[in-house]
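Below is one structure, written out as structure tokens; comments come after it.
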Amino acid sequence: LECRADGDPPPSTRCARDGGTGDGPVTRDGGGHPGAVTRGRSGRVVTRADGGRYVCRATNRHGVAERSVVVTVECEWPRGAPGV
């Protein structure tokens, strides 16, 4: 997931699984829309266990804005499958 936000001054952003630390198939970009969970910049393959609520939080000196998205992983490729 990518977490982006615009503002003046530009906000810092953080995207994390609800109740998590931000580890997992989540990418962080300063700069909000959640994107699709896929094989991302980390090269990590997403599994059903990665489903859940993810929260994007943007912060600057004017305050904080949060948005969330619920991710459902419906298909899990077996290890060793082409492209995995």
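Order determines the names: the first chain of the structure tokens is A, the second B, and so forth; residues in each chain are numbered 1 upward, and ligands are numbered 1 upward as they are shown.
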
Non-local contacts of A:Asn60 (10 Å; only C-alpha atoms; under 5 positions in same chain excluded) as a list in words: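 Once the adjacent positions are removed, what remains is Gly7, Asp8, Pro9, Pro10, Pro11, Ser12, Thr13 and Ala65 of chain A.
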
Near A:Ser68, within 8 Å and counting only C-alpha atoms, which residues show up once chain neighbours fewer than 4 positions away are dropped, as a PyMOL selection string? chain A and resi 34+53-56

Given the selection you just returned, output its residues as a file containing N, CA and C atoms, formatted as a short mmCIF file (atom, residue, chain, number, x, y, z; two decimals), in the first residue's frame.
```cif
data_model
loop_
_atom_site.label_atom_id
_atom_site.label_comp_id
_atom_site.auth_asym_id
_atom_site.auth_seq_id
_atom_site.Cartn_x
_atom_site.Cartn_y
_atom_site.Cartn_z
N PRO A 34 -4.75 4.98 -0.51
CA PRO A 34 -4.19 3.64 -0.43
C PRO A 34 -4.21 3.03 -1.83
N ARG A 53 -7.30 -4.39 8.14
CA ARG A 53 -7.48 -2.94 8.03
C ARG A 53 -6.11 -2.26 8.09
N TYR A 54 -5.87 -1.38 7.14
CA TYR A 54 -4.64 -0.60 7.09
C TYR A 54 -4.99 0.87 7.24
N VAL A 55 -4.17 1.59 7.99
CA VAL A 55 -4.43 3.00 8.27
C VAL A 55 -3.28 3.85 7.74
N CYS A 56 -3.63 4.89 6.98
CA CYS A 56 -2.66 5.88 6.50
C CYS A 56 -2.83 7.12 7.37
#
```

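As for atom CA of A:Gly51 and atom CA of A:Gly19, they are spaced 12.9 Å apart.
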
d(atom CA of A:Asp50, atom CA of A:Gly63) in Å: 29.4 Å
